[in-house]
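Written out below as structure tokens is the structure these notes cover.
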Amino acid sequence: MTDKVILTGTPQEKITTCLKTAGWYKGRKADLTEARAFYASGGITLPAGAERFLEEYHGLSSGWYLNVPLEQQKGRAPDVEFNIIPDGSWATKSYFEECYAAEYAENLQKISDFAGEQLVWVASIGYYYSESVYMGSTDKLFVLRDDGKIRTYYSVTDMLLWDFEHHPQWEYVTVRSHTKE
């Protein structure tokens with residue numbers, strides 16, 4: 001775990017602070033050898049938009065603990081999973097067959113029809129109300145929510161903005177140790 005990092009400023013500035021704490025920086029380009037092999041194990045070639053997304057976000061710390069002042073906590077402090085697919089030990093053919101393929105088969109056609117192009121699953125973000133993130137050839141993020149609704153975003157910041165605008169009590173973030181880049 002990292003030390004507590006104070007969240008100040010606008011919701012956009014808080015999101016940037018969380019991303020930087022998780023290992024993100026402007027111009028980041030992760031090695032995608034592992035990610036390409038993972039998708040290839042299922043017969044999938046990464047579309048251009050998905051590849052750009054993974055170059056920027058693959059390998060970031062996945063566990064974000066968004067903390068509120070002790071007097072405002074009701075039970076457990078909120079935490080958010082920011083899982084970029086594949087991540088670390090997940091990048092195996094057996095993981096693809098057991099987990100990714102099930103998610104892929106269940107939701108892919110629905111969200112691809114909505115987008116008007118073939119998409120791939122690139123991330124799962126959230127915890128109690130997780131959202132599956134899909135991408136295709138563009139930089140648009142197509143998000144399938146737990147309630148079955150689909151949203152379109154143009155950046156990770158836009159995607160996370162609602163949460164940060166509706167949780168002004170989030171004072172600081174800690175993250176799990178970074179995964180490899």
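In the structure tokens, chains take letters A, B, ... by order of appearance, with residues numbered from 1 within each chain and ligands from 1 in the order shown.
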Problem - range 143-150 of chain A environment, 7 Å, only C-alpha atoms, sequence neighbours closer than 4 positions dropped, as an MDAnalysis selection string - result: chainID A and resid 129:134
Residues of the last selection are to be written out with N, CA and C atoms, as an mmCIF file, in the first residue's frame.
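Output file selection_28.cif is given in full below:
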```cif
data_model
loop_
_atom_site.group_PDB
_atom_site.id
_atom_site.type_symbol
_atom_site.label_atom_id
_atom_site.label_comp_id
_atom_site.auth_asym_id
_atom_site.auth_seq_id
_atom_site.Cartn_x
_atom_site.Cartn_y
_atom_site.Cartn_z
ATOM 1 N N TYR A 129 -20.825 -1.858 -7.521
ATOM 2 C CA TYR A 129 -21.537 -1.588 -8.759
ATOM 3 C C TYR A 129 -20.503 -1.514 -9.878
ATOM 4 N N SER A 130 -19.992 -2.651 -10.265
ATOM 5 C CA SER A 130 -18.910 -2.642 -11.239
ATOM 6 C C SER A 130 -19.426 -2.366 -12.641
ATOM 7 N N GLU A 131 -18.524 -1.869 -13.448
ATOM 8 C CA GLU A 131 -18.816 -1.546 -14.830
ATOM 9 C C GLU A 131 -17.765 -2.233 -15.699
ATOM 10 N N SER A 132 -18.201 -2.844 -16.780
ATOM 11 C CA SER A 132 -17.287 -3.466 -17.731
ATOM 12 C C SER A 132 -17.047 -2.483 -18.856
ATOM 13 N N VAL A 133 -15.778 -2.276 -19.181
ATOM 14 C CA VAL A 133 -15.383 -1.288 -20.182
ATOM 15 C C VAL A 133 -14.925 -2.019 -21.440
ATOM 16 N N TYR A 134 -15.481 -1.604 -22.564
ATOM 17 C CA TYR A 134 -15.172 -2.191 -23.868
ATOM 18 C C TYR A 134 -14.663 -1.102 -24.798
#
```
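Nearest to Ala123 in chain A of all the residues A:Trp162, A:Phe53, A:Tyr153, A:Trp64 is A:Phe53, counting only C-alpha atoms.
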Exercise for the section: Counting only C-alpha atoms, figure out which residue out of A:Pro168, A:Gly126, A:Gly59, A:Gly116 gets nearest to Leu32 in chain A. Expected result: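 Checking each candidate against Leu32 in chain A, we get A:Gly59 as the closest.
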Practice task
Grab the CA of Phe142 in chain A to CA of Leu119 in chain A distance for me, in Å with one decimal place.
Solution key: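 It comes out at 8.7 Å.
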